[in-house]
Structure formats: structure tokens, C-alpha cells
file data_17.tsv (TSV, C-alpha atoms)
chain	number	residue	atom	x	y	z
A	101	MET	CA	0.94	16.89	-24.56
A	102	ILE	CA	3.66	14.73	-26.13
A	103	LYS	CA	7.16	15.91	-25.26
A	104	LEU	CA	10.06	15.26	-27.62
A	105	ILE	CA	13.61	14.85	-26.39
A	106	PRO	CA	15.93	17.48	-27.94
A	107	ALA	CA	17.60	15.10	-30.41
A	108	VAL	CA	14.28	13.79	-31.71
A	109	PHE	CA	12.87	17.32	-31.90
A	110	ALA	CA	15.91	18.50	-33.87
A	111	LEU	CA	15.58	15.58	-36.26
A	112	ALA	CA	11.88	16.33	-36.80
A	113	VAL	CA	12.59	20.01	-37.48
A	114	SER	CA	15.40	19.06	-39.86
A	115	PHE	CA	13.11	16.67	-41.77
A	116	VAL	CA	10.32	19.25	-42.10
A	117	THR	CA	12.78	21.93	-43.18
A	118	ALA	CA	14.39	19.66	-45.78
A	119	THR	CA	11.00	18.63	-47.12
A	120	ALA	CA	9.87	22.24	-47.41
A	121	GLN	CA	13.09	23.22	-49.18
A	122	ALA	CA	12.74	20.32	-51.62
A	123	GLN	CA	9.17	21.39	-52.42
A	124	ASP	CA	10.34	24.97	-53.04
A	125	ILE	CA	12.82	23.92	-55.74
A	126	LYS	CA	11.69	25.13	-59.16
A	127	GLY	CA	12.16	22.66	-61.98
A	128	ASP	CA	13.57	23.60	-65.38
A	129	ALA	CA	12.14	21.52	-68.24
A	130	LYS	CA	15.08	22.24	-70.55
A	131	ALA	CA	17.51	21.11	-67.87
A	132	GLY	CA	15.41	18.00	-67.38
A	133	GLN	CA	15.55	17.17	-71.07
A	134	ALA	CA	19.32	17.51	-70.97
A	135	ILE	CA	19.70	14.85	-68.25
A	136	ASN	CA	16.94	12.37	-69.14
A	137	ALA	CA	19.13	9.90	-71.05
A	138	MET	CA	18.72	7.49	-68.14
A	139	CYS	CA	14.93	7.66	-68.54
A	140	ILE	CA	14.35	7.38	-72.28
A	141	GLY	CA	15.76	3.86	-72.60
A	142	CYS	CA	12.66	2.55	-70.81
A	143	HIS	CA	10.03	5.29	-70.59
A	144	GLY	CA	10.64	6.64	-74.09
A	145	ILE	CA	9.98	3.38	-75.95
A	146	LYS	CA	6.41	2.34	-76.68
A	147	GLY	CA	5.64	-1.13	-75.38
A	148	TYR	CA	8.93	-1.44	-73.48
A	149	GLN	CA	8.71	-4.07	-70.76
A	150	ALA	CA	10.48	-4.48	-67.46
A	151	SER	CA	11.24	-7.97	-66.14
A	152	PHE	CA	11.53	-7.44	-62.37
A	153	PRO	CA	9.80	-8.67	-60.27
A	154	GLU	CA	7.74	-9.87	-63.25
A	155	VAL	CA	7.20	-8.83	-66.87
A	156	TYR	CA	5.12	-5.67	-67.33
A	157	LYS	CA	5.15	-2.47	-69.38
A	158	VAL	CA	7.04	0.34	-67.70
A	159	PRO	CA	4.73	3.16	-66.64
A	160	MET	CA	3.85	6.08	-68.87
A	161	ILE	CA	5.28	9.22	-67.31
A	162	SER	CA	4.79	11.88	-70.00
A	163	GLY	CA	1.90	14.03	-68.76
A	164	GLN	CA	2.22	12.83	-65.18
A	165	SER	CA	2.08	15.35	-62.32
A	166	ALA	CA	5.45	16.96	-61.58
A	167	LYS	CA	5.01	16.69	-57.81
A	168	TYR	CA	4.17	13.01	-58.11
A	169	ILE	CA	7.29	12.34	-60.20
A	170	VAL	CA	9.41	14.02	-57.53
A	171	SER	CA	7.60	12.11	-54.79
A	172	ALA	CA	8.12	8.79	-56.57
A	173	LEU	CA	11.81	9.44	-57.22
A	174	ASN	CA	12.33	10.36	-53.57
A	175	ALA	CA	10.56	7.16	-52.51
A	176	TYR	CA	13.00	5.15	-54.63
A	177	LYS	CA	15.96	7.13	-53.28
A	178	LYS	CA	14.88	6.53	-49.67
A	179	GLY	CA	14.26	2.85	-50.29
A	180	GLU	CA	10.51	3.07	-49.71
A	181	ARG	CA	10.15	1.76	-53.25
A	182	LYS	CA	12.57	-1.10	-53.73
A	183	HIS	CA	12.86	-1.65	-57.48
A	184	PRO	CA	16.67	-2.06	-57.84
A	185	SER	CA	17.11	-0.23	-61.17
A	186	MET	CA	14.92	2.72	-60.24
A	187	ARG	CA	16.49	2.96	-56.80
A	188	GLY	CA	19.97	2.97	-58.32
A	189	ILE	CA	19.01	5.79	-60.68
A	190	ALA	CA	17.22	7.83	-58.02
A	191	GLU	CA	20.22	7.65	-55.70
A	192	THR	CA	22.28	9.54	-58.31
A	193	LEU	CA	19.81	12.43	-58.52
A	194	THR	CA	19.88	15.67	-56.56
A	195	ASP	CA	16.67	17.43	-55.53
A	196	GLN	CA	17.25	19.84	-58.41
A	197	ASN	CA	17.70	16.97	-60.87
A	198	MET	CA	14.40	15.48	-59.74
A	199	ALA	CA	12.60	18.81	-60.07
A	200	ASP	CA	14.04	19.34	-63.55
A	201	LEU	CA	13.06	15.86	-64.77
A	202	ALA	CA	9.60	16.31	-63.28
A	203	ALA	CA	9.17	19.68	-65.02
A	204	TYR	CA	10.15	18.11	-68.32
A	205	TYR	CA	7.94	15.01	-68.14
A	206	SER	CA	4.89	16.78	-66.71
A	207	GLY	CA	4.72	18.88	-69.86
A	208	HIS	CA	6.09	16.35	-72.33
A	209	GLY	CA	3.56	15.50	-75.03
A	210	VAL	CA	0.88	17.70	-73.47
A	211	VAL	CA	-1.32	19.31	-76.12
A	212	GLU	CA	-2.87	22.64	-75.16
A	213	GLY	CA	-6.65	22.52	-75.06
A	214	GLN	CA	-6.89	18.75	-74.71
A	215	SER	CA	-8.47	17.43	-71.53
A	216	VAL	CA	-9.95	14.25	-70.14
A	217	PRO	CA	-13.64	13.89	-69.20
A	218	LYS	CA	-14.56	15.03	-65.69
A	219	GLU	CA	-16.00	11.59	-64.96
A	220	ALA	CA	-14.48	8.25	-65.91
A	221	LYS	CA	-16.56	5.83	-67.92
A	222	ALA	CA	-18.93	3.74	-65.82
A	223	PRO	CA	-17.38	0.50	-64.54
A	224	SER	CA	-19.16	-2.81	-64.21
A	225	ALA	CA	-21.11	-3.34	-61.00
A	226	GLN	CA	-18.38	-5.63	-59.69
A	227	VAL	CA	-15.59	-3.14	-60.38
A	228	ALA	CA	-17.69	-0.29	-59.00
A	229	ALA	CA	-17.95	-2.18	-55.72
A	230	LEU	CA	-14.18	-2.67	-55.66
A	231	LEU	CA	-13.54	1.02	-56.34
A	232	THR	CA	-15.96	2.00	-53.56
A	233	LYS	CA	-14.33	-0.38	-51.09
A	234	ALA	CA	-11.18	1.73	-50.91
A	235	ASN	CA	-12.84	4.93	-52.18
A	236	CYS	CA	-10.20	5.24	-54.92
A	237	ALA	CA	-11.79	8.32	-56.49
A	238	SER	CA	-11.51	10.27	-53.22
A	239	CYS	CA	-7.75	10.55	-53.77
A	240	HIS	CA	-7.26	10.03	-57.51
A	241	GLY	CA	-10.29	11.99	-58.72
A	242	ALA	CA	-13.58	11.02	-60.34
A	243	ASN	CA	-11.77	10.57	-63.67
A	244	PHE	CA	-8.62	9.12	-62.02
A	245	SER	CA	-6.58	11.89	-63.66
A	246	THR	CA	-7.23	14.76	-61.21
A	247	PRO	CA	-5.88	13.63	-57.83
A	248	ILE	CA	-6.75	15.75	-54.81
A	249	ASP	CA	-3.03	16.27	-54.15
A	250	PRO	CA	-0.52	16.66	-57.01
A	251	SER	CA	1.88	14.36	-55.18
A	252	TYR	CA	-0.61	11.53	-55.86
A	253	PRO	CA	-0.40	9.90	-59.30
A	254	LYS	CA	-2.70	10.17	-62.25
A	255	ILE	CA	-3.69	6.55	-62.89
A	256	GLY	CA	-6.39	6.81	-65.56
A	257	GLY	CA	-5.23	5.15	-68.77
A	258	GLN	CA	-2.00	3.84	-67.25
A	259	HIS	CA	-0.80	0.40	-68.42
A	260	ALA	CA	-2.90	-2.33	-66.79
A	261	ASP	CA	0.00	-4.69	-66.15
A	262	TYR	CA	2.04	-1.92	-64.50
A	263	LEU	CA	-0.89	-0.90	-62.29
A	264	TYR	CA	-1.39	-4.50	-61.26
A	265	VAL	CA	2.28	-4.95	-60.31
A	266	ALA	CA	2.33	-1.59	-58.50
A	267	LEU	CA	-0.80	-2.36	-56.50
A	268	LYS	CA	0.52	-5.78	-55.51
A	269	SER	CA	3.80	-4.23	-54.43
A	270	TYR	CA	2.03	-2.28	-51.68
A	271	LYS	CA	0.94	-5.60	-50.17
A	272	ASN	CA	4.61	-6.58	-49.88
A	273	ASP	CA	6.07	-3.94	-47.57
A	274	THR	CA	8.56	-6.02	-45.57
A	275	ASN	CA	10.77	-7.58	-48.27
A	276	ALA	CA	14.22	-6.00	-48.65
A	277	VAL	CA	14.28	-6.02	-52.47
A	278	VAL	CA	10.64	-6.20	-53.59
A	279	GLY	CA	7.63	-4.06	-52.76
A	280	ARG	CA	6.75	-0.56	-51.65
A	281	GLY	CA	6.48	0.92	-48.20
A	282	ASN	CA	3.50	3.26	-48.00
A	283	ALA	CA	1.14	2.88	-45.06
A	284	ILE	CA	-1.90	4.39	-46.79
A	285	MET	CA	-1.59	2.41	-50.01
A	286	ALA	CA	-0.70	-0.76	-48.11
A	287	SER	CA	-3.91	-0.53	-46.08
A	288	MET	CA	-5.86	-0.07	-49.32
A	289	ALA	CA	-4.19	-2.81	-51.37
A	290	LYS	CA	-4.34	-5.41	-48.61
A	291	GLN	CA	-8.14	-5.29	-48.71
A	292	TYR	CA	-8.09	-6.99	-52.11
A	293	SER	CA	-7.14	-10.36	-53.53
A	294	ASN	CA	-4.69	-10.29	-56.45
A	295	ALA	CA	-7.55	-11.22	-58.77
A	296	GLU	CA	-9.48	-8.16	-57.58
A	297	LEU	CA	-6.41	-5.93	-58.02
A	298	LYS	CA	-6.16	-7.16	-61.61
A	299	GLN	CA	-9.80	-6.21	-62.19
A	300	LEU	CA	-9.14	-2.73	-60.83
A	301	ALA	CA	-6.00	-2.36	-62.96
A	302	ASN	CA	-7.80	-3.43	-66.13
A	303	TYR	CA	-10.60	-0.95	-65.54
A	304	LEU	CA	-8.30	1.96	-64.70
A	305	ALA	CA	-6.23	1.27	-67.83
A	306	SER	CA	-9.38	1.41	-69.95
A	307	VAL	CA	-10.44	4.94	-68.97
A	308	GLN	CA	-9.28	8.00	-70.86
A	309	GLY	CA	-6.29	9.71	-69.27
A	310	ASP	CA	-3.48	12.23	-69.76
A	311	LEU	CA	-0.59	9.77	-69.71
A	312	LYS	CA	1.34	8.72	-72.77
A	313	VAL	CA	4.62	7.40	-74.10
A	314	GLU	CA	6.43	9.96	-76.23
A	315	PRO	CA	9.31	8.30	-78.16
A	316	GLN	CA	12.60	10.14	-77.69
A	317	SER	CA	15.87	9.87	-79.52
A	318	ARG	CA	19.08	8.98	-77.72
A	319	TRP	CA	20.96	11.11	-80.25
A	320	ARG	CA	20.26	14.76	-79.56

call {"tool": "encode", "arguments": {"input": "data_17.tsv", "output": "C-alpha cells"}}
result
Amino acid sequence: MIKLIPAVFALAVSFVTATAQAQDIKGDAKAGQAINAMCIGCHGIKGYQASFPEVYKVPMISGQSAKYIVSALNAYKKGERKHPSMRGIAETLTDQNMADLAAYYSGHGVVEGQSVPKEAKAPSAQVAALLTKANCASCHGANFSTPIDPSYPKIGGQHADYLYVALKSYKNDTNAVVGRGNAIMASMAKQYSNAELKQLANYLASVQGDLKVEPQSRWR
């Protein structure tokens, strides 16, 4: 049996307790809409492009899973995701702010009764082999919009250039200002060349998904 020294044990208990408390926070969509001015300048404009670390369309977040949005914001706040602008924004948010924004965007633009197919369209043989290599559907779902855990992202229909940049970022987990630190995704992404990641991104972007960009006015 592994024995923990008291200080380490206390830190572990504190971390688990804080995580559980954060997950118990109930988000308020109206409160999220009231504080999302920092989001709409990028995520509320169709075709808007970021320029760091390269040019790509910012991800669609309307219709994304609430738990994933919270997870992503926490990853930026902790520095696990190193995009400077997103990290700066996330550091200003409380756990309640994150839950409220997540509640808002998870329901934003969602039309009752609409759903995506249970299975994604068939990929080419080459892309099918790439998907099987890391068993992508085992986490993100057979249609890439029903992940097995809501803290995992929906990726079906997401912008191809964003997916490509995001996947590459997991291969760069030691740089202080670029990349993402996630052991599971790093082990997956590092199996592929960048050319193969681009093939995966292009396919995933082509399947039908829940994600969208819903234009929002700054003047409300």
C-alpha cells in the first residue's frame, strides 16, 4: 500500500474536495449571458479568426457541453492550456462565472427536437484507419457529438483549422506559451504526423454536429 505523508495527503484531499465543489456549482444561463461580453467578440462572429499561434477560426462553442466548457476554462486558468488571451480571460473568472457561461453557451442556439445522426458519415479508408488508431469514437462517440463523458468535447462539425491547431497543440506540451498539457490527448496526438492530423480534422469538420456560431450583439 502506498503511504502519503500528511502534507501530501492533505493536499490531495483539498484538491478532490475543491473539484467536487466546483462540479456541484449550478450554472445560470441568464447570468452567463450578462457576463459574456468577453466571449462574443470572438466566438459570436461568424468566420472570426485568431492569429496565435497561427491563423485559424476560433472554435464554435454554442451547443457545446457545459461540463466541457467549464473543464476547458479551468485548463486555461491553471495553465494547462497556454493560449495567452484565453488564459488571461479564464484567470478573471470564478467557478460560478464559468458555470454560468457554460450554462448559457450549452443551450445557446439549440433548437428543441433537432438532433445529429447516431453514426457519423463513413470516412475514407485512410481516415478510418487513422480514427481507429487512437480509437477516437470510444471517447467522442460514434457521431463525434456524444462523448462518453460530458467533460470531453463535441468535435463533430467543428472548424477544421481549429481542430488541426488544437490537435497539434497536444504534441507541444513543454513550451511555456504554446501548447496544451493533457497526458491522454498528448499520447493520442503524438501517434500522428501533422499531415495525418489535418486529415482527421478535415473529416471531423465535415460530419454533422451540434456546434454553431450564433451572432450576438455587443449592445444589449

call {"tool": "closest_residue", "arguments": {"input": "data_17.tsv", "among": "A:Asn294, A:Asn275, A:Ser245, A:Ser162", "to": "Gly144 in chain A", "atoms": "only C-alpha atoms"}}
result
A:Ser162

call {"tool": "closest_residue", "arguments": {"input": "data_17.tsv", "among": "A:Ile248, A:Ala305, A:Ile189, A:Leu231", "to": "Met288 in chain A", "atoms": "only C-alpha atoms"}}
result
A:Leu231

call {"tool": "closest_residue", "arguments": {"input": "data_17.tsv", "among": "A:Leu263, A:Ala242, A:Ala286, A:Val313", "to": "Ile140 in chain A", "atoms": "all atoms listed in the file"}}
result
A:Val313

call {"tool": "residues_around", "arguments": {"input": "data_17.tsv", "residues": "Gly188 in chain A", "least_positions_apart": "3", "cutoff": "12 Å", "atoms": "all atoms listed in the file", "output": "list of chain:residue names"}}
result
A:Met138, A:Leu173, A:Asn174, A:Ala175, A:Tyr176, A:Lys177, A:Lys178, A:Gly179, A:Arg181, A:Lys182, A:His183, A:Pro184, A:Ser185, A:Glu191, A:Thr192, A:Leu193

call {"tool": "residues_near_point", "arguments": {"input": "data_17.tsv", "point": "(-4.0, -0.3, -46.7)", "cutoff": "12 Å", "atoms": "only C-alpha atoms", "output": "list of chain:residue names"}}
result
A:Lys233, A:Ala234, A:Asn235, A:Cys236, A:Leu267, A:Lys268, A:Ser269, A:Tyr270, A:Lys271, A:Asn272, A:Asp273, A:Arg280, A:Gly281, A:Asn282, A:Ala283, A:Ile284, A:Met285, A:Ala286, A:Ser287, A:Met288, A:Ala289, A:Lys290, A:Gln291, A:Tyr292

call {"tool": "closest_residue", "arguments": {"input": "data_17.tsv", "among": "A:Glu296, A:Ala134, A:Glu180, A:Ser171", "to": "Gly279 in chain A", "atoms": "all atoms listed in the file"}}
result
A:Glu180

call {"tool": "residues_around", "arguments": {"input": "data_17.tsv", "residues": "His240 in chain A", "least_positions_apart": "5", "cutoff": "9 Å", "atoms": "only C-alpha atoms", "output": "mmCIF file with C-alpha atoms, in the coordinates of the input"}}
result
data_model
loop_
_atom_site.group_PDB
_atom_site.id
_atom_site.type_symbol
_atom_site.label_atom_id
_atom_site.label_comp_id
_atom_site.auth_asym_id
_atom_site.auth_seq_id
_atom_site.Cartn_x
_atom_site.Cartn_y
_atom_site.Cartn_z
ATOM 1 C CA SER A 245 -6.580 11.890 -63.660
ATOM 2 C CA THR A 246 -7.230 14.760 -61.210
ATOM 3 C CA PRO A 247 -5.880 13.630 -57.830
ATOM 4 C CA ILE A 248 -6.750 15.750 -54.810
ATOM 5 C CA ASP A 249 -3.030 16.270 -54.150
ATOM 6 C CA TYR A 252 -0.610 11.530 -55.860
ATOM 7 C CA PRO A 253 -0.400 9.900 -59.300
ATOM 8 C CA LYS A 254 -2.700 10.170 -62.250
ATOM 9 C CA ILE A 255 -3.690 6.550 -62.890
ATOM 10 C CA GLY A 256 -6.390 6.810 -65.560
#

call {"tool": "atom_distance", "arguments": {"input": "data_17.tsv", "atom1": "CA of Leu300 in chain A", "atom2": "CA of Lys218 in chain A"}}
result
19.2 Å

call {"tool": "atom_distance", "arguments": {"input": "data_17.tsv", "atom1": "CA of Asn136 in chain A", "atom2": "CA of Ala276 in chain A"}}
result
27.7 Å

call {"tool": "atom_distance", "arguments": {"input": "data_17.tsv", "atom1": "CA of Lys130 in chain A", "atom2": "CA of Gln214 in chain A"}}
result
22.6 Å

call {"tool": "axis_aligned_box", "arguments": {"input": "data_17.tsv", "around": "range 151-159 of chain A", "padding_each_side": "6 Å", "output": "lines of an AutoDock Vina configuration file"}}
result
center_x = 8.1
center_y = -3.4
center_z = -64.8
size_x = 18.8
size_y = 25.0
size_z = 21.1

call {"tool": "closest_residue", "arguments": {"input": "data_17.tsv", "among": "A:Ser251, A:Ser224, A:Ser238, A:Ser151", "to": "Ile169 in chain A", "atoms": "only C-alpha atoms"}}
result
A:Ser251

call {"tool": "residues_around", "arguments": {"input": "data_17.tsv", "residues": "Gly127 in chain A", "least_positions_apart": "6", "cutoff": "12 Å", "atoms": "all atoms listed in the file", "output": "list in words"}}
result
Gln133, Ala166, Lys167, Ile169, Val170, Thr194, Asp195, Gln196, Asn197, Met198, Ala199, Asp200, Leu201, Ala202, Ala203, Tyr204, Tyr205, Ser206 and Gly207 of chain A
